[in-house]
>>> print(open('entry24.csv').read())   # CSV, C-alpha atoms
chain,number,residue,atom,x,y,z
E,1,MET,CA,5.5,-14.6,-14.5
E,2,LYS,CA,3.8,-12.0,-16.6
E,3,THR,CA,5.6,-9.1,-18.2
E,4,SER,CA,4.0,-5.7,-18.7
E,5,LYS,CA,3.4,-6.7,-22.3
E,6,GLU,CA,1.3,-9.6,-21.1
E,7,LEU,CA,-1.0,-7.7,-18.8
E,8,GLY,CA,-4.6,-7.5,-20.0
E,9,LYS,CA,-6.8,-4.5,-19.6
E,10,ILE,CA,-6.2,-3.0,-16.1
E,11,THR,CA,-8.9,-1.1,-14.3
E,12,ILE,CA,-8.6,0.5,-10.8
E,13,LYS,CA,-11.4,0.9,-8.3
E,14,PRO,CA,-11.3,2.2,-4.7
E,15,LEU,CA,-11.9,-0.2,-1.9
E,16,SER,CA,-15.5,0.4,-0.9
E,17,SER,CA,-18.5,-1.7,0.4
E,18,ASP,CA,-19.2,-2.6,-3.3
E,19,THR,CA,-15.7,-3.8,-3.9
E,20,TRP,CA,-15.1,-5.5,-0.5
E,21,PRO,CA,-15.8,-9.0,-1.9
E,22,ASP,CA,-13.1,-8.4,-4.5
E,23,PHE,CA,-10.6,-7.4,-1.8
E,24,GLU,CA,-11.5,-10.6,0.1
E,25,ARG,CA,-10.9,-12.6,-3.0
E,26,LEU,CA,-7.5,-11.0,-3.7
E,27,PHE,CA,-6.3,-11.4,-0.1
E,28,GLY,CA,-7.6,-14.9,0.2
E,29,PRO,CA,-8.9,-16.7,3.3
E,30,ASN,CA,-5.8,-15.9,5.3
E,31,GLY,CA,-5.8,-12.2,4.6
E,32,ALA,CA,-2.5,-12.1,2.6
E,33,CYS,CA,0.8,-11.3,4.3
E,34,ALA,CA,0.2,-13.7,7.2
E,35,GLY,CA,-3.2,-12.4,7.9
E,36,CYS,CA,-2.4,-8.7,8.0
E,37,TRP,CA,-5.5,-7.5,6.0
E,38,CYS,CA,-3.5,-4.3,5.4
E,39,THR,CA,-3.8,-3.2,9.0
E,40,TRP,CA,-0.1,-3.2,10.0
E,41,TRP,CA,0.1,0.6,9.7
E,42,ARG,CA,-3.4,1.2,11.2
E,43,LEU,CA,-2.7,-0.4,14.6
E,44,SER,CA,-0.2,0.1,17.3
E,45,SER,CA,2.5,-2.7,17.4
E,46,LYS,CA,0.8,-4.1,20.6
E,47,ASP,CA,-2.6,-4.2,19.0
E,48,PHE,CA,-1.3,-5.7,15.8
E,49,ARG,CA,0.3,-8.6,17.7
E,50,SER,CA,-2.8,-9.1,19.9
E,51,PHE,CA,-5.5,-8.9,17.1
E,52,THR,CA,-6.5,-12.1,15.4
E,53,LYS,CA,-6.7,-12.3,11.6
E,54,GLU,CA,-10.5,-12.0,11.8
E,55,GLU,CA,-10.2,-8.9,14.1
E,56,LYS,CA,-7.8,-7.3,11.6
E,57,LYS,CA,-10.2,-8.1,8.7
E,58,ASN,CA,-13.1,-6.7,10.7
E,59,LEU,CA,-11.2,-3.5,11.5
E,60,LEU,CA,-10.7,-2.8,7.8
E,61,ARG,CA,-14.2,-3.8,6.9
E,62,THR,CA,-15.6,-1.5,9.5
E,63,LEU,CA,-13.6,1.4,8.1
E,64,VAL,CA,-14.9,0.6,4.6
E,65,GLN,CA,-18.5,0.3,5.8
E,66,GLY,CA,-18.1,3.6,7.5
E,67,GLY,CA,-17.3,5.3,4.1
E,68,LYS,CA,-13.5,5.3,4.1
E,69,LYS,CA,-11.7,4.3,0.9
E,70,PRO,CA,-8.4,3.1,2.3
E,71,GLY,CA,-6.8,2.1,-1.0
E,72,LEU,CA,-7.2,0.9,-4.5
E,73,ILE,CA,-7.8,-2.5,-6.1
E,74,ALA,CA,-6.3,-3.3,-9.6
E,75,TYR,CA,-8.3,-5.6,-11.8
E,76,GLU,CA,-7.1,-7.5,-14.9
E,77,GLU,CA,-10.2,-7.8,-16.9
E,78,GLU,CA,-12.7,-8.3,-14.0
E,79,ILE,CA,-10.3,-10.3,-11.7
E,80,PRO,CA,-8.7,-8.5,-8.7
E,81,VAL,CA,-4.9,-8.8,-9.0
E,82,GLY,CA,-3.4,-5.9,-7.0
E,83,TRP,CA,-3.8,-3.6,-4.0
E,84,VAL,CA,-2.3,-0.3,-2.8
E,85,SER,CA,-3.0,1.3,0.5
E,86,VAL,CA,-3.2,5.1,0.2
E,87,ALA,CA,-4.7,7.6,2.7
E,88,PRO,CA,-3.8,10.6,4.8
E,89,ARG,CA,-0.8,9.8,6.9
E,90,GLU,CA,-2.6,10.5,10.2
E,91,GLU,CA,-4.8,7.5,9.6
E,92,PHE,CA,-1.7,5.2,10.1
E,93,ILE,CA,-1.0,4.9,13.9
E,94,LEU,CA,2.2,2.9,13.5
E,95,LEU,CA,3.5,5.2,10.9
E,96,GLU,CA,2.8,8.3,13.0
E,97,ASN,CA,4.6,6.6,16.0
E,98,SER,CA,7.6,5.4,13.9
E,99,LYS,CA,11.1,6.6,14.9
E,100,LYS,CA,12.6,5.8,11.6
E,101,LEU,CA,9.8,7.1,9.5
E,102,VAL,CA,9.0,10.2,11.6
E,103,ARG,CA,7.3,13.1,9.9
E,104,VAL,CA,9.6,15.2,7.7
E,105,ASP,CA,7.7,18.4,8.4
E,106,ASP,CA,4.2,19.5,9.4
E,107,LEU,CA,2.8,19.6,5.9
E,108,PRO,CA,-0.3,17.4,5.3
E,109,VAL,CA,0.7,14.3,3.3
E,110,TRP,CA,-1.0,11.2,2.0
E,111,SER,CA,0.9,8.0,2.4
E,112,ILE,CA,1.4,5.1,0.0
E,113,ASN,CA,2.6,2.4,2.4
E,114,CYS,CA,1.6,-1.1,1.3
E,115,PHE,CA,1.2,-3.1,-1.9
E,116,PHE,CA,-0.1,-6.6,-2.5
E,117,ILE,CA,0.2,-8.1,-6.0
E,118,GLU,CA,-1.3,-11.5,-6.8
E,119,ARG,CA,1.7,-13.8,-7.3
E,120,HIS,CA,1.1,-14.5,-11.0
E,121,HIS,CA,1.1,-10.7,-11.7
E,122,ARG,CA,4.3,-9.7,-10.0
E,123,ARG,CA,7.1,-8.2,-12.0
E,124,ALA,CA,4.6,-7.1,-14.7
E,125,GLY,CA,4.5,-3.4,-14.0
E,126,LEU,CA,1.4,-3.4,-11.8
E,127,THR,CA,3.1,-1.7,-8.9
E,128,ARG,CA,3.9,1.3,-11.1
E,129,ILE,CA,0.3,1.5,-12.4
E,130,LEU,CA,-0.9,1.4,-8.7
E,131,ILE,CA,1.5,4.2,-7.7
E,132,ASP,CA,0.2,6.4,-10.6
E,133,GLU,CA,-3.4,5.7,-9.7
E,134,ALA,CA,-2.8,6.2,-6.0
E,135,VAL,CA,-1.3,9.7,-6.7
E,136,LYS,CA,-4.4,10.6,-8.8
E,137,PHE,CA,-6.7,9.3,-6.1
E,138,ALA,CA,-5.0,11.3,-3.4
E,139,ALA,CA,-5.0,14.4,-5.6
E,140,THR,CA,-8.8,14.0,-6.3
E,141,ASN,CA,-9.3,13.8,-2.5
E,142,GLY,CA,-7.4,17.1,-1.8
E,143,ALA,CA,-3.8,15.9,-1.4
E,144,THR,CA,-0.9,18.1,-2.5
E,145,ILE,CA,1.9,15.8,-1.4
E,146,VAL,CA,2.1,12.1,-1.5
E,147,GLU,CA,4.7,10.3,0.5
E,148,ALA,CA,6.1,6.7,0.4
E,149,TYR,CA,8.6,4.6,2.3
E,150,PRO,CA,9.9,2.0,-0.2
E,151,ILE,CA,12.8,-0.4,0.1
E,152,ASP,CA,16.0,0.7,-1.7
E,153,VAL,CA,18.0,-2.4,-2.4
E,154,GLN,CA,19.8,-3.6,-5.6
E,155,GLU,CA,20.0,-7.3,-4.7
E,156,LYS,CA,17.0,-9.6,-5.0
E,157,VAL,CA,14.8,-9.6,-1.9
E,158,SER,CA,11.9,-11.7,-0.8
E,159,SER,CA,8.6,-10.4,-2.1
E,160,SER,CA,7.4,-10.3,1.5
E,161,ARG,CA,9.8,-7.4,2.1
E,162,LEU,CA,8.6,-5.5,-1.0
E,163,TYR,CA,5.1,-4.7,0.4
E,164,TYR,CA,6.5,-1.1,0.8
E,165,GLY,CA,7.3,-1.0,-2.9
E,166,HIS,CA,10.7,-0.5,-4.5
E,167,ALA,CA,12.5,2.9,-4.5
E,168,ASP,CA,13.4,2.6,-8.2
E,169,THR,CA,9.7,2.2,-9.1
E,170,PHE,CA,8.9,5.3,-7.1
E,171,ARG,CA,11.7,7.2,-8.7
E,172,GLN,CA,10.4,6.2,-12.2
E,173,ALA,CA,7.0,7.6,-11.1
E,174,GLY,CA,8.5,11.0,-10.2
E,175,PHE,CA,9.0,10.6,-6.5
E,176,VAL,CA,12.1,12.2,-4.9
E,177,GLU,CA,14.0,11.2,-1.8
E,178,VAL,CA,13.5,13.8,1.0
E,179,VAL,CA,15.2,12.1,3.9
E,180,ARG,CA,16.9,8.8,4.7
E,181,ARG,CA,17.1,7.7,8.4
E,182,ASP,CA,17.5,4.0,7.5
E,183,PRO,CA,20.1,2.9,4.9
E,184,LEU,CA,17.5,0.7,3.1
E,185,GLN,CA,14.3,2.8,3.5
E,186,PRO,CA,14.1,6.4,2.3
E,187,ILE,CA,11.1,8.7,2.7
E,188,MET,CA,10.1,9.8,-0.8
E,189,ARG,CA,7.6,12.4,-1.9
E,190,MET,CA,5.8,13.7,-4.9
E,191,LYS,CA,4.2,17.2,-5.0
E,192,ILE,CA,1.0,17.3,-7.0
>>> encode(input="entry24.csv", output="structure tokens")
Amino acid sequence: MKTSKELGKITIKPLSSDTWPDFERLFGPNGACAGCWCTWWRLSSKDFRSFTKEEKKNLLRTLVQGGKKPGLIAYEEEIPVGWVSVAPREEFILLENSKKLVRVDDLPVWSINCFFIERHHRRAGLTRILIDEAVKFAATNGATIVEAYPIDVQEKVSSSRLYYGHADTFRQAGFVEVVRRDPLQPIMRMKI
């Protein structure tokens, strides 16, 4: 595993039609995370279960081809090594319908809700870089509040559970907890 001292030059680019091939390369032929293609939050539970991997991939590709930039890709040198989903909260159907992550208030927020880090680059500080860049990206696009839903555990957990991010990493980035309806998953915010 790499440490933050071992990371090469990191650059960040929004997911767009130009960077779509890099996103495909990062997620691999199965779409990372059991074929999710980062559509978990963008679909209802029913649709997520019924869509095939290819349909999920096509959903995200269609959004990108339509001009949406649903997240950021991290590159080490020119190789895609990380991903963060960031967009206005209302773009995420499942999040908007969640009972445990129900809106805190009526303020417009952008949501950081999913990470994917290439396995050889985990535990190297890349998540923190992606958080910082996601906040900048949201601010550039008019956001005044960025919200996240990380896991808050002290024991070691499977990397598959950390796609939300870890609460300590968000705290280090300046996010504060605003409500906790689940013992392991606070809603955290940063005002920008």
>>> atom_distance(input="entry24.csv", atom1="atom CA of E:Tyr163", atom2="atom CA of E:Trp41")
11.8 Å
>>> atom_distance(input="entry24.csv", atom1="atom CA of E:Arg123", atom2="atom CA of E:Cys33")
17.7 Å
>>> closest_residue(input="entry24.csv", among="E:Asp105, E:Ala87, E:Ala167, E:Ile145", to="E:Met190", atoms="all atoms listed in the file")
E:Ile145
>>> closest_residue(input="entry24.csv", among="E:Glu77, E:Leu130, E:Lys57, E:Gly142", to="E:Pro29", atoms="all atoms listed in the file")
E:Lys57
>>> closest_residue(input="entry24.csv", among="E:Gly66, E:Pro14, E:Gly174, E:Gly28", to="E:Arg119", atoms="all atoms listed in the file")
E:Gly28
>>> closest_residue(input="entry24.csv", among="E:Trp40, E:Glu76, E:Gln65, E:Arg89", to="E:Val102", atoms="all atoms listed in the file")
E:Arg89
>>> atom_distance(input="entry24.csv", atom1="atom CA of E:Thr140", atom2="atom CA of E:Phe115")
20.3 Å
>>> residues_around(input="entry24.csv", residues="E:Val135", least_positions_apart="2", cutoff="12 Å", atoms="all atoms listed in the file", output="PyMOL selection string")
chain E and resi 71-72+84-88+109-112+128-133+137-148+170+173-175+189-192
>>> closest_residue(input="entry24.csv", among="E:Arg171, E:Lys68, E:Arg180, E:Lys53", to="E:Lys100", atoms="all atoms listed in the file")
E:Arg180
>>> residues_around(input="entry24.csv", residues="E:Arg42", least_positions_apart="3", cutoff="7 Å", atoms="all atoms listed in the file", output="list in words")
Thr39, Glu91, Phe92, Ile93 and Leu94 of chain E
>>> write_last_selection(input="entry24.csv", atoms="C-alpha atoms", output="mmCIF file, keeping the file's coordinate frame")
data_model
loop_
_atom_site.group_PDB
_atom_site.id
_atom_site.type_symbol
_atom_site.label_atom_id
_atom_site.label_comp_id
_atom_site.auth_asym_id
_atom_site.auth_seq_id
_atom_site.Cartn_x
_atom_site.Cartn_y
_atom_site.Cartn_z
ATOM 1 C CA THR E 39 -3.800 -3.200 9.000
ATOM 2 C CA GLU E 91 -4.800 7.500 9.600
ATOM 3 C CA PHE E 92 -1.700 5.200 10.100
ATOM 4 C CA ILE E 93 -1.000 4.900 13.900
ATOM 5 C CA LEU E 94 2.200 2.900 13.500
#
>>> closest_residue(input="entry24.csv", among="E:Arg49, E:Leu43, E:Asp182, E:Glu54", to="E:Leu95", atoms="only C-alpha atoms")
E:Leu43
>>> closest_atom_pairs(input="entry24.csv", of="stretch 63-89 of chain E", to="stretch 20-27 of chain E", cutoff="10 Å", atoms="all atoms listed in the file", output="JSON lines")
{"residue": "E:Val64", "atom": "CA", "partner": "E:Trp20", "partner_atom": "CA", "distance": 8.0}
{"residue": "E:Gln65", "atom": "CA", "partner": "E:Trp20", "partner_atom": "CA", "distance": 9.2}
{"residue": "E:Leu72", "atom": "CA", "partner": "E:Phe23", "partner_atom": "CA", "distance": 9.4}
{"residue": "E:Ile73", "atom": "CA", "partner": "E:Phe23", "partner_atom": "CA", "distance": 7.1}
{"residue": "E:Ala74", "atom": "CA", "partner": "E:Leu26", "partner_atom": "CA", "distance": 9.8}
{"residue": "E:Tyr75", "atom": "CA", "partner": "E:Asp22", "partner_atom": "CA", "distance": 9.2}
{"residue": "E:Glu78", "atom": "CA", "partner": "E:Asp22", "partner_atom": "CA", "distance": 9.5}
{"residue": "E:Ile79", "atom": "CA", "partner": "E:Asp22", "partner_atom": "CA", "distance": 8.0}
{"residue": "E:Pro80", "atom": "CA", "partner": "E:Leu26", "partner_atom": "CA", "distance": 5.7}
{"residue": "E:Val81", "atom": "CA", "partner": "E:Leu26", "partner_atom": "CA", "distance": 6.3}
{"residue": "E:Gly82", "atom": "CA", "partner": "E:Leu26", "partner_atom": "CA", "distance": 7.3}
{"residue": "E:Trp83", "atom": "CA", "partner": "E:Phe23", "partner_atom": "CA", "distance": 8.1}
>>> residues_near_point(input="entry24.csv", point="(4.4, -3.3, -5.4)", cutoff="7 Å", atoms="all atoms listed in the file", output="list in words")
Phe115, Phe116, Ile117, Thr127, Leu162, Tyr163, Tyr164, Gly165 and His166 of chain E
>>> build_atoms(input="entry24.csv", residues="stretch 56-73 of chain E", atoms="N, CA and C atoms", output="PDB file, in the frame of the given file")
ATOM      1  N   LYS E  56      -8.470  -8.202  12.540  1.00  0.00           N
ATOM      2  CA  LYS E  56      -7.800  -7.300  11.600  1.00  0.00           C
ATOM      3  C   LYS E  56      -8.724  -7.068  10.372  1.00  0.00           C
ATOM      4  N   LYS E  57      -9.264  -8.155   9.881  1.00  0.00           N
ATOM      5  CA  LYS E  57     -10.200  -8.100   8.700  1.00  0.00           C
ATOM      6  C   LYS E  57     -11.396  -7.219   9.103  1.00  0.00           C
ATOM      7  N   ASN E  58     -11.958  -7.445  10.271  1.00  0.00           N
ATOM      8  CA  ASN E  58     -13.100  -6.700  10.700  1.00  0.00           C
ATOM      9  C   ASN E  58     -12.820  -5.204  10.899  1.00  0.00           C
ATOM     10  N   LEU E  59     -11.607  -4.886  11.354  1.00  0.00           N
ATOM     11  CA  LEU E  59     -11.200  -3.500  11.500  1.00  0.00           C
ATOM     12  C   LEU E  59     -11.267  -2.783  10.151  1.00  0.00           C
ATOM     13  N   LEU E  60     -10.661  -3.392   9.142  1.00  0.00           N
ATOM     14  CA  LEU E  60     -10.700  -2.800   7.800  1.00  0.00           C
ATOM     15  C   LEU E  60     -12.065  -2.726   7.228  1.00  0.00           C
ATOM     16  N   ARG E  61     -12.807  -3.806   7.392  1.00  0.00           N
ATOM     17  CA  ARG E  61     -14.200  -3.800   6.900  1.00  0.00           C
ATOM     18  C   ARG E  61     -15.039  -2.747   7.523  1.00  0.00           C
ATOM     19  N   THR E  62     -14.860  -2.529   8.817  1.00  0.00           N
ATOM     20  CA  THR E  62     -15.600  -1.500   9.500  1.00  0.00           C
ATOM     21  C   THR E  62     -15.265  -0.099   8.979  1.00  0.00           C
ATOM     22  N   LEU E  63     -13.989   0.136   8.707  1.00  0.00           N
ATOM     23  CA  LEU E  63     -13.600   1.400   8.100  1.00  0.00           C
ATOM     24  C   LEU E  63     -14.293   1.621   6.761  1.00  0.00           C
ATOM     25  N   VAL E  64     -14.277   0.566   5.948  1.00  0.00           N
ATOM     26  CA  VAL E  64     -14.900   0.600   4.600  1.00  0.00           C
ATOM     27  C   VAL E  64     -16.404   0.838   4.730  1.00  0.00           C
ATOM     28  N   GLN E  65     -17.047   0.100   5.619  1.00  0.00           N
ATOM     29  CA  GLN E  65     -18.500   0.300   5.800  1.00  0.00           C
ATOM     30  C   GLN E  65     -18.850   1.644   6.318  1.00  0.00           C
ATOM     31  N   GLY E  66     -17.904   2.283   7.003  1.00  0.00           N
ATOM     32  CA  GLY E  66     -18.100   3.600   7.500  1.00  0.00           C
ATOM     33  C   GLY E  66     -17.852   4.712   6.448  1.00  0.00           C
ATOM     34  N   GLY E  67     -17.518   4.306   5.229  1.00  0.00           N
ATOM     35  CA  GLY E  67     -17.300   5.300   4.100  1.00  0.00           C
ATOM     36  C   GLY E  67     -15.910   5.559   3.757  1.00  0.00           C
ATOM     37  N   LYS E  68     -14.933   5.040   4.493  1.00  0.00           N
ATOM     38  CA  LYS E  68     -13.500   5.300   4.100  1.00  0.00           C
ATOM     39  C   LYS E  68     -13.184   4.442   2.895  1.00  0.00           C
ATOM     40  N   LYS E  69     -12.268   4.972   2.116  1.00  0.00           N
ATOM     41  CA  LYS E  69     -11.700   4.300   0.900  1.00  0.00           C
ATOM     42  C   LYS E  69     -10.234   4.181   1.146  1.00  0.00           C
ATOM     43  N   PRO E  70      -9.766   3.159   1.883  1.00  0.00           N
ATOM     44  CA  PRO E  70      -8.400   3.100   2.300  1.00  0.00           C
ATOM     45  C   PRO E  70      -7.357   2.645   1.291  1.00  0.00           C
ATOM     46  N   GLY E  71      -7.781   2.475   0.069  1.00  0.00           N
ATOM     47  CA  GLY E  71      -6.800   2.100  -1.000  1.00  0.00           C
ATOM     48  C   GLY E  71      -7.545   1.716  -2.253  1.00  0.00           C
ATOM     49  N   LEU E  72      -6.759   1.182  -3.172  1.00  0.00           N
ATOM     50  CA  LEU E  72      -7.200   0.900  -4.500  1.00  0.00           C
ATOM     51  C   LEU E  72      -6.983  -0.565  -4.880  1.00  0.00           C
ATOM     52  N   ILE E  73      -7.914  -1.129  -5.623  1.00  0.00           N
ATOM     53  CA  ILE E  73      -7.800  -2.500  -6.100  1.00  0.00           C
ATOM     54  C   ILE E  73      -7.558  -2.410  -7.645  1.00  0.00           C
TER      55      ILE E  73
END
